[in-house]
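Text of final36.pdb (PDB, C-alpha atoms, pLDDT in the B column) as supplied:
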```pdb
ATOM      1  CA  ASP A   1       5.279  12.475 -27.046  1.00 75.00           C
ATOM      2  CA  TYR A   2       5.988  15.381 -24.696  1.00 82.00           C
ATOM      3  CA  LEU A   3       7.665  12.893 -22.352  1.00 88.00           C
ATOM      4  CA  ASN A   4      10.464  12.655 -24.899  1.00 89.00           C
ATOM      5  CA  ILE A   5      11.346  16.260 -24.049  1.00 88.00           C
ATOM      6  CA  PHE A   6      11.934  15.350 -20.396  1.00 88.00           C
ATOM      7  CA  ILE A   7      13.984  12.310 -21.362  1.00 88.00           C
ATOM      8  CA  ILE A   8      16.130  14.284 -23.800  1.00 88.00           C
ATOM      9  CA  VAL A   9      16.652  17.244 -21.468  1.00 86.00           C
ATOM     10  CA  LEU A  10      17.951  14.993 -18.694  1.00 85.00           C
ATOM     11  CA  GLU A  11      20.432  13.488 -21.156  1.00 83.00           C
ATOM     12  CA  ASN A  12      21.957  16.943 -21.673  1.00 82.00           C
ATOM     13  CA  ARG A  13      25.178  16.838 -19.652  1.00 78.00           C
ATOM     14  CA  ASN A  14      25.169  20.641 -19.336  1.00 79.00           C
ATOM     15  CA  LEU A  15      21.996  20.481 -17.249  1.00 75.00           C
ATOM     16  CA  HIS A  16      23.984  18.701 -14.559  1.00 70.00           C
ATOM     17  CA  SER A  17      26.636  21.424 -14.359  1.00 78.00           C
ATOM     18  CA  PRO A  18      26.666  24.121 -11.641  1.00 76.00           C
ATOM     19  CA  GLU A  19      25.949  26.907 -14.172  1.00 81.00           C
ATOM     20  CA  TYR A  20      22.453  25.531 -14.688  1.00 85.00           C
ATOM     21  CA  LEU A  21      21.558  25.133 -11.012  1.00 84.00           C
ATOM     22  CA  GLU A  22      20.111  28.598 -10.558  1.00 86.00           C
ATOM     23  CA  VAL A  23      17.756  28.869 -13.544  1.00 87.00           C
ATOM     24  CA  ALA A  24      17.460  26.001 -16.029  1.00 90.00           C
ATOM     25  CA  LEU A  25      17.288  23.024 -13.699  1.00 93.00           C
ATOM     26  CA  PRO A  26      14.774  24.582 -11.257  1.00 94.00           C
ATOM     27  CA  GLN A  27      12.503  25.498 -14.191  1.00 94.00           C
ATOM     28  CA  PHE A  28      12.834  22.003 -15.613  1.00 93.00           C
ATOM     29  CA  CYS A  29      11.908  20.461 -12.248  1.00 95.00           C
ATOM     30  CA  LYS A  30       8.913  22.762 -11.889  1.00 96.00           C
ATOM     31  CA  ALA A  31       7.711  21.807 -15.376  1.00 95.00           C
ATOM     32  CA  MET A  32       8.174  18.117 -14.599  1.00 95.00           C
ATOM     33  CA  GLY A  33       6.190  18.564 -11.386  1.00 93.00           C
ATOM     34  CA  LYS A  34       3.207  19.757 -13.422  1.00 94.00           C
ATOM     35  CA  LEU A  35       3.017  16.499 -15.389  1.00 95.00           C
ATOM     36  CA  PRO A  36       0.019  14.274 -14.674  1.00 95.00           C
ATOM     37  CA  VAL A  37       0.620  11.239 -12.465  1.00 96.00           C
ATOM     38  CA  SER A  38       0.252   8.876 -15.427  1.00 96.00           C
ATOM     39  CA  ALA A  39       3.088  10.687 -17.239  1.00 96.00           C
ATOM     40  CA  LEU A  40       5.313  10.602 -14.138  1.00 96.00           C
ATOM     41  CA  ALA A  41       4.667   6.866 -13.889  1.00 97.00           C
ATOM     42  CA  ARG A  42       5.688   6.400 -17.526  1.00 96.00           C
ATOM     43  CA  LEU A  43       8.866   8.387 -16.858  1.00 95.00           C
ATOM     44  CA  ALA A  44       9.687   6.210 -13.847  1.00 95.00           C
ATOM     45  CA  LYS A  45       9.165   3.071 -15.936  1.00 96.00           C
ATOM     46  CA  LEU A  46      11.327   4.419 -18.776  1.00 94.00           C
ATOM     47  CA  TRP A  47      14.103   5.533 -16.443  1.00 93.00           C
ATOM     48  CA  SER A  48      14.070   2.174 -14.668  1.00 94.00           C
ATOM     49  CA  VAL A  49      15.221   0.386 -17.831  1.00 94.00           C
ATOM     50  CA  TYR A  50      18.093   2.823 -18.377  1.00 90.00           C
ATOM     51  CA  GLY A  51      19.933   1.249 -15.478  1.00 87.00           C
ATOM     52  CA  LEU A  52      22.085   2.165 -12.535  1.00 93.00           C
ATOM     53  CA  SER A  53      24.370   4.837 -14.016  1.00 91.00           C
ATOM     54  CA  HIS A  54      21.458   6.835 -15.456  1.00 90.00           C
ATOM     55  CA  ILE A  55      19.453   6.782 -12.216  1.00 93.00           C
ATOM     56  CA  ARG A  56      22.567   7.587 -10.178  1.00 94.00           C
ATOM     57  CA  ARG A  57      23.263  10.638 -12.382  1.00 90.00           C
ATOM     58  CA  MET A  58      19.665  11.869 -11.991  1.00 91.00           C
ATOM     59  CA  LEU A  59      19.818  11.239  -8.245  1.00 94.00           C
ATOM     60  CA  GLY A  60      23.004  13.300  -8.038  1.00 92.00           C
ATOM     61  CA  THR A  61      21.529  16.112 -10.116  1.00 91.00           C
ATOM     62  CA  PHE A  62      18.336  16.460  -8.076  1.00 94.00           C
ATOM     63  CA  GLN A  63      20.232  16.094  -4.782  1.00 95.00           C
ATOM     64  CA  GLN A  64      22.702  18.757  -5.895  1.00 93.00           C
ATOM     65  CA  LEU A  65      19.878  21.162  -6.720  1.00 94.00           C
ATOM     66  CA  ILE A  66      18.194  20.546  -3.353  1.00 96.00           C
ATOM     67  CA  THR A  67      21.447  21.008  -1.426  1.00 95.00           C
ATOM     68  CA  PHE A  68      22.469  24.103  -3.410  1.00 94.00           C
ATOM     69  CA  THR A  69      19.082  25.740  -2.843  1.00 95.00           C
ATOM     70  CA  VAL A  70      18.967  24.859   0.858  1.00 96.00           C
ATOM     71  CA  VAL A  71      22.464  26.152   1.663  1.00 95.00           C
ATOM     72  CA  SER A  72      21.882  29.293  -0.432  1.00 94.00           C
ATOM     73  CA  ASN A  73      18.795  30.314   1.545  1.00 94.00           C
ATOM     74  CA  GLU A  74      17.828  30.818   5.153  1.00 95.00           C
ATOM     75  CA  TYR A  75      14.768  29.080   6.520  1.00 94.00           C
ATOM     76  CA  ASP A  76      12.946  29.575   9.802  1.00 91.00           C
ATOM     77  CA  SER A  77       9.474  29.102  11.255  1.00 86.00           C
ATOM     78  CA  GLU A  78       8.131  31.919   9.049  1.00 89.00           C
ATOM     79  CA  ASN A  79      10.055  31.060   5.876  1.00 93.00           C
ATOM     80  CA  LEU A  80       9.641  27.281   5.589  1.00 95.00           C
ATOM     81  CA  VAL A  81      11.566  25.098   3.184  1.00 96.00           C
ATOM     82  CA  ASN A  82       8.172  23.503   2.386  1.00 95.00           C
ATOM     83  CA  ASP A  83       7.285  26.767   0.606  1.00 95.00           C
ATOM     84  CA  ASP A  84      10.464  26.871  -1.516  1.00 96.00           C
ATOM     85  CA  GLN A  85       9.189  25.900  -4.955  1.00 96.00           C
ATOM     86  CA  THR A  86      12.629  24.879  -6.221  1.00 96.00           C
ATOM     87  CA  VAL A  87      13.211  22.462  -3.329  1.00 97.00           C
ATOM     88  CA  VAL A  88       9.673  21.090  -3.601  1.00 96.00           C
ATOM     89  CA  ALA A  89       9.964  20.571  -7.387  1.00 97.00           C
ATOM     90  CA  ALA A  90      13.383  18.900  -7.123  1.00 96.00           C
ATOM     91  CA  THR A  91      12.079  16.659  -4.322  1.00 97.00           C
ATOM     92  CA  GLN A  92       9.151  15.607  -6.495  1.00 96.00           C
ATOM     93  CA  CYS A  93      11.547  14.815  -9.360  1.00 96.00           C
ATOM     94  CA  LEU A  94      13.699  12.844  -6.942  1.00 96.00           C
ATOM     95  CA  LYS A  95      10.581  10.881  -6.017  1.00 96.00           C
ATOM     96  CA  VAL A  96      10.184   9.761  -9.654  1.00 96.00           C
ATOM     97  CA  ALA A  97      13.842   8.676  -9.695  1.00 96.00           C
ATOM     98  CA  PHE A  98      13.209   6.852  -6.399  1.00 96.00           C
ATOM     99  CA  TYR A  99      10.437   4.777  -7.964  1.00 96.00           C
ATOM    100  CA  ALA A 100      12.552   4.170 -11.091  1.00 96.00           C
ATOM    101  CA  ASN A 101      15.214   2.882  -8.709  1.00 96.00           C
ATOM    102  CA  ILE A 102      12.733   0.430  -7.189  1.00 96.00           C
ATOM    103  CA  LEU A 103      11.363  -0.662 -10.571  1.00 96.00           C
ATOM    104  CA  GLY A 104      14.883  -1.248 -11.911  1.00 95.00           C
ATOM    105  CA  GLY A 105      15.851  -3.444  -8.974  1.00 94.00           C
ATOM    106  CA  GLU A 106      14.483  -6.677  -7.563  1.00 94.00           C
ATOM    107  CA  MET A 107      10.879  -6.531  -6.329  1.00 91.00           C
ATOM    108  CA  ASN A 108       8.162  -8.671  -4.793  1.00 88.00           C
ATOM    109  CA  VAL A 109       4.706  -7.293  -5.572  1.00 73.00           C
ATOM    110  CA  GLU A 110       2.759 -10.562  -5.357  1.00 75.00           C
ATOM    111  CA  HIS A 111       1.659  -9.917  -1.768  1.00 57.00           C
ATOM    112  CA  ASN A 112      -0.020  -6.585  -2.675  1.00 55.00           C
ATOM    113  CA  GLU A 113      -3.232  -8.243  -3.846  1.00 52.00           C
ATOM    114  CA  ASP A 114      -3.611 -10.113  -0.548  1.00 46.00           C
ATOM    115  CA  GLU A 115      -3.371  -6.935   1.533  1.00 49.00           C
ATOM    116  CA  GLU A 116      -6.151  -4.943  -0.130  1.00 48.00           C
ATOM    117  CA  GLU A 117      -8.313  -3.327   2.531  1.00 48.00           C
ATOM    118  CA  ASP A 118     -11.811  -1.992   2.157  1.00 46.00           C
ATOM    119  CA  PRO A 119     -11.319   1.803   2.083  1.00 48.00           C
ATOM    120  CA  GLU A 120     -15.041   2.394   2.584  1.00 51.00           C
ATOM    121  CA  SER A 121     -15.631   0.834   5.969  1.00 51.00           C
ATOM    122  CA  ASP A 122     -19.127   1.266   7.424  1.00 56.00           C
ATOM    123  CA  GLU A 123     -17.774   1.651  10.956  1.00 65.00           C
ATOM    124  CA  LEU A 124     -17.231   5.179  12.250  1.00 62.00           C
ATOM    125  CA  THR A 125     -14.129   6.050  14.216  1.00 63.00           C
ATOM    126  CA  LEU A 126     -14.286   7.902  17.520  1.00 61.00           C
ATOM    127  CA  HIS A 127     -12.961  11.051  15.823  1.00 56.00           C
ATOM    128  CA  GLU A 128     -15.689  10.867  13.179  1.00 61.00           C
ATOM    129  CA  LEU A 129     -18.359  10.455  15.851  1.00 61.00           C
ATOM    130  CA  LEU A 130     -17.038  13.522  17.668  1.00 60.00           C
ATOM    131  CA  GLY A 131     -16.848  15.526  14.442  1.00 58.00           C
ATOM    132  CA  GLU A 132     -13.045  15.783  14.690  1.00 56.00           C
ATOM    133  CA  GLU A 133     -12.150  13.620  11.701  1.00 56.00           C
ATOM    134  CA  ARG A 134     -10.584  16.565   9.841  1.00 52.00           C
ATOM    135  CA  LEU A 135      -8.160  17.197  12.720  1.00 50.00           C
ATOM    136  CA  TYR A 136      -6.937  13.621  12.743  1.00 52.00           C
ATOM    137  CA  LYS A 137      -7.171  12.868   9.064  1.00 53.00           C
ATOM    138  CA  LYS A 138      -4.242  10.899   7.806  1.00 51.00           C
ATOM    139  CA  GLY A 139      -2.239  12.006   4.802  1.00 42.00           C
ATOM    140  CA  PRO A 140      -2.963  10.347   1.512  1.00 45.00           C
ATOM    141  CA  ARG A 141      -3.474   6.640   2.177  1.00 58.00           C
ATOM    142  CA  VAL A 142      -1.731   5.717  -1.038  1.00 78.00           C
ATOM    143  CA  ASP A 143       0.629   7.940  -2.932  1.00 87.00           C
ATOM    144  CA  PRO A 144      -0.874   8.606  -6.403  1.00 91.00           C
ATOM    145  CA  LEU A 145       2.404   7.704  -8.152  1.00 93.00           C
ATOM    146  CA  GLU A 146       2.713   4.567  -6.049  1.00 93.00           C
ATOM    147  CA  LYS A 147      -0.846   3.604  -6.971  1.00 93.00           C
ATOM    148  CA  GLU A 148      -0.298   4.315 -10.667  1.00 95.00           C
ATOM    149  CA  LEU A 149       2.857   2.187 -10.715  1.00 95.00           C
ATOM    150  CA  GLY A 150       1.361  -0.567  -8.561  1.00 92.00           C
ATOM    151  CA  VAL A 151       4.505  -0.744  -6.454  1.00 92.00           C
ATOM    152  CA  ARG A 152       5.417   0.352  -2.923  1.00 90.00           C
ATOM    153  CA  PRO A 153       8.824   0.954  -1.346  1.00 91.00           C
ATOM    154  CA  VAL A 154       8.214  -2.075   0.875  1.00 90.00           C
ATOM    155  CA  ASP A 155       8.027  -4.193  -2.320  1.00 89.00           C
ATOM    156  CA  SER A 156      11.693  -3.541  -3.028  1.00 92.00           C
ATOM    157  CA  ILE A 157      13.938  -6.486  -2.272  1.00 93.00           C
ATOM    158  CA  LYS A 158      17.075  -4.913  -3.735  1.00 95.00           C
ATOM    159  CA  PRO A 159      16.863  -1.446  -5.334  1.00 95.00           C
ATOM    160  CA  LEU A 160      19.483  -0.359  -7.854  1.00 95.00           C
ATOM    161  CA  ILE A 161      20.717   2.317  -5.434  1.00 96.00           C
ATOM    162  CA  PRO A 162      20.407   1.958  -1.637  1.00 95.00           C
ATOM    163  CA  PHE A 163      17.555   4.032  -0.200  1.00 95.00           C
ATOM    164  CA  GLU A 164      19.991   5.876   2.105  1.00 95.00           C
ATOM    165  CA  GLU A 165      21.410   7.734  -0.907  1.00 95.00           C
ATOM    166  CA  PHE A 166      18.045   9.426  -1.413  1.00 96.00           C
ATOM    167  CA  VAL A 167      18.349  11.144   1.990  1.00 95.00           C
ATOM    168  CA  ASN A 168      19.485  14.772   1.862  1.00 96.00           C
ATOM    169  CA  GLU A 169      21.039  15.827   5.162  1.00 96.00           C
ATOM    170  CA  SER A 170      21.125  19.544   4.270  1.00 96.00           C
ATOM    171  CA  LEU A 171      17.389  19.415   3.743  1.00 96.00           C
ATOM    172  CA  ASN A 172      16.779  17.377   6.906  1.00 95.00           C
ATOM    173  CA  GLU A 173      18.522  20.053   8.954  1.00 95.00           C
ATOM    174  CA  VAL A 174      16.105  22.812   7.856  1.00 96.00           C
ATOM    175  CA  VAL A 175      12.783  20.941   7.770  1.00 95.00           C
ATOM    176  CA  GLU A 176      10.518  22.010  10.634  1.00 94.00           C
ATOM    177  CA  MET A 177       9.369  18.479  11.446  1.00 93.00           C
ATOM    178  CA  ASP A 178       6.425  19.490  13.613  1.00 92.00           C
ATOM    179  CA  LYS A 179       4.993  21.684  10.851  1.00 92.00           C
ATOM    180  CA  ASP A 180       5.841  19.185   8.135  1.00 92.00           C
ATOM    181  CA  PHE A 181       4.025  16.480  10.094  1.00 90.00           C
ATOM    182  CA  THR A 182       0.991  18.758  10.469  1.00 88.00           C
ATOM    183  CA  PHE A 183       0.994  19.403   6.727  1.00 89.00           C
ATOM    184  CA  PHE A 184       1.139  15.640   6.162  1.00 86.00           C
ATOM    185  CA  LYS A 185      -1.672  14.801   8.578  1.00 84.00           C
ATOM    186  CA  VAL A 186      -4.037  17.761   8.260  1.00 82.00           C
ATOM    187  CA  ASN A 187      -3.238  19.819   5.156  1.00 71.00           C
ATOM    188  CA  ALA A 188      -2.165  17.053   2.779  1.00 70.00           C
ATOM    189  CA  GLU A 189      -4.074  18.567  -0.139  1.00 74.00           C
ATOM    190  CA  THR A 190      -2.996  22.187   0.317  1.00 81.00           C
ATOM    191  CA  LYS A 191       0.546  22.142   1.744  1.00 88.00           C
ATOM    192  CA  PHE A 192       3.570  20.181   0.582  1.00 92.00           C
ATOM    193  CA  SER A 193       4.986  17.703   3.076  1.00 92.00           C
ATOM    194  CA  PHE A 194       8.331  15.940   2.664  1.00 93.00           C
ATOM    195  CA  GLN A 195       6.764  12.914   4.316  1.00 90.00           C
ATOM    196  CA  ASN A 196       4.912  12.289   1.046  1.00 88.00           C
ATOM    197  CA  CYS A 197       8.254  11.705  -0.674  1.00 86.00           C
ATOM    198  CA  PRO A 198      10.070   8.526   0.314  1.00 78.00           C
TER
END
```
Just give me the structure of the file as structure tokens.
Amino acid sequence: DYLNIFIIVLENRNLHSPEYLEVALPQFCKAMGKLPVSALARLAKLWSVYGLSHIRRMLGTFQQLITFTVVSNEYDSENLVNDDQTVVAATQCLKVAFYANILGGEMNVEHNEDEEEDPESDELTLHELLGEERLYKKGPRVDPLEKELGVRPVDSIKPLIPFEEFVNESLNEVVEMDKDFTFFKVNAETKFSFQNCP
């Protein structure tokens, strides 16, 4: 039932106004980010049936918060945008809207069953033999939300909103790609990486 709170709050038109960008919306995004994956999947499924205008409004709201936060702060190699909790929380909310966008559009998920790989292979890689597997560990093989929903971005034939609209250029300009990539490959469990968010 607590999911109803998140649905109702996002229907509040005042939340989308600039006055709420500094306090209310960041707190809402942080609270949403603490939801379990199963709850985020239910939200994505619910939002997907609301249609194009609803998802577009959420997309605009989360993008606005990300842009506002990025242009209001200065980031460098010591103060990374990956450590900005408001940007991270809004990006994670945007990820739920991204999957709602896929679910609401045309999809082809039939091929997913054919492509299942055995995650527990008995063969060791060269890096494992040399004891370097931690250095070359890939990020999460499957995104938990993606797994819970049973859908991947590649399954989308025609999303409700083109994927390009989920790109935030202000954010792209301040992401330290080399560090973000390291977080994705090596520190996937401890550091946030934007590469985990489509």
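Those residues returned by the PyMOL selection byres ((chain A and resi 51) around 12) for this file are Ala44, Lys45, Leu46, Trp47, Ser48, Val49, Tyr50, Leu52, Ser53, His54, Ile55, Arg56, Arg57, Met58, Ala97, Ala100, Asn101, Ile102, Leu103, Gly104, Gly105, Pro159, Leu160 and Ile161 of chain A.
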Could those selected residues go to a file with C-alpha atoms, as a PDB file, in the frame of the given file?
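Heads up, here's the output in selection_3.pdb:
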```
ATOM      1  CA  ALA A  44       9.687   6.210 -13.847  1.00 95.00           C
ATOM      2  CA  LYS A  45       9.165   3.071 -15.936  1.00 96.00           C
ATOM      3  CA  LEU A  46      11.327   4.419 -18.776  1.00 94.00           C
ATOM      4  CA  TRP A  47      14.103   5.533 -16.443  1.00 93.00           C
ATOM      5  CA  SER A  48      14.070   2.174 -14.668  1.00 94.00           C
ATOM      6  CA  VAL A  49      15.221   0.386 -17.831  1.00 94.00           C
ATOM      7  CA  TYR A  50      18.093   2.823 -18.377  1.00 90.00           C
ATOM      8  CA  LEU A  52      22.085   2.165 -12.535  1.00 93.00           C
ATOM      9  CA  SER A  53      24.370   4.837 -14.016  1.00 91.00           C
ATOM     10  CA  HIS A  54      21.458   6.835 -15.456  1.00 90.00           C
ATOM     11  CA  ILE A  55      19.453   6.782 -12.216  1.00 93.00           C
ATOM     12  CA  ARG A  56      22.567   7.587 -10.178  1.00 94.00           C
ATOM     13  CA  ARG A  57      23.263  10.638 -12.382  1.00 90.00           C
ATOM     14  CA  MET A  58      19.665  11.869 -11.991  1.00 91.00           C
ATOM     15  CA  ALA A  97      13.842   8.676  -9.695  1.00 96.00           C
ATOM     16  CA  ALA A 100      12.552   4.170 -11.091  1.00 96.00           C
ATOM     17  CA  ASN A 101      15.214   2.882  -8.709  1.00 96.00           C
ATOM     18  CA  ILE A 102      12.733   0.430  -7.189  1.00 96.00           C
ATOM     19  CA  LEU A 103      11.363  -0.662 -10.571  1.00 96.00           C
ATOM     20  CA  GLY A 104      14.883  -1.248 -11.911  1.00 95.00           C
ATOM     21  CA  GLY A 105      15.851  -3.444  -8.974  1.00 94.00           C
ATOM     22  CA  PRO A 159      16.863  -1.446  -5.334  1.00 95.00           C
ATOM     23  CA  LEU A 160      19.483  -0.359  -7.854  1.00 95.00           C
ATOM     24  CA  ILE A 161      20.717   2.317  -5.434  1.00 96.00           C
TER      25      ILE A 161
END
```
Restricting the calculation to all atoms listed in the file: of A:Val167, A:Val109, A:Ala41, A:Val87, which residue gets closest to Ser72 (chain A)? A:Val87
For region 3-20 of chain A, work out the shell of residues within 8 Å, counting only C-alpha atoms and skipping chain neighbours fewer than 2 positions away, then give it as a ChimeraX atom specification. /A:1,22-25,32,39,43,58,61
Given the file above and the PyMOL selection byres ((chain A and resi 144-155) around 6), which residues are selected, and can you give them as an MDAnalysis selection string? chainID A and resid 37 41 107:109 143 156
For those residues, write C-alpha atoms to a file as an mmCIF file, in the frame of the given file.
```cif
data_model
loop_
_atom_site.group_PDB
_atom_site.id
_atom_site.type_symbol
_atom_site.label_atom_id
_atom_site.label_comp_id
_atom_site.auth_asym_id
_atom_site.auth_seq_id
_atom_site.Cartn_x
_atom_site.Cartn_y
_atom_site.Cartn_z
ATOM 1 C CA VAL A 37 0.620 11.239 -12.465
ATOM 2 C CA ALA A 41 4.667 6.866 -13.889
ATOM 3 C CA MET A 107 10.879 -6.531 -6.329
ATOM 4 C CA ASN A 108 8.162 -8.671 -4.793
ATOM 5 C CA VAL A 109 4.706 -7.293 -5.572
ATOM 6 C CA ASP A 143 0.629 7.940 -2.932
ATOM 7 C CA SER A 156 11.693 -3.541 -3.028
#
```
For region 67-69 of chain A: contacts at 9 Å, all atoms listed in the file, fewer than 3 positions along chain excluded, given as a VMD selection string: chain A and resid 21 to 22 62 to 64 72 to 73 84 86 to 87 168 to 171
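Atom pair CA of Val70 (chain A) / CA of Phe194 (chain A): separated by 14.0 Å.
Separating CA of Tyr75 (chain A) from CA of Gln195 (chain A) is a distance of 18.2 Å.
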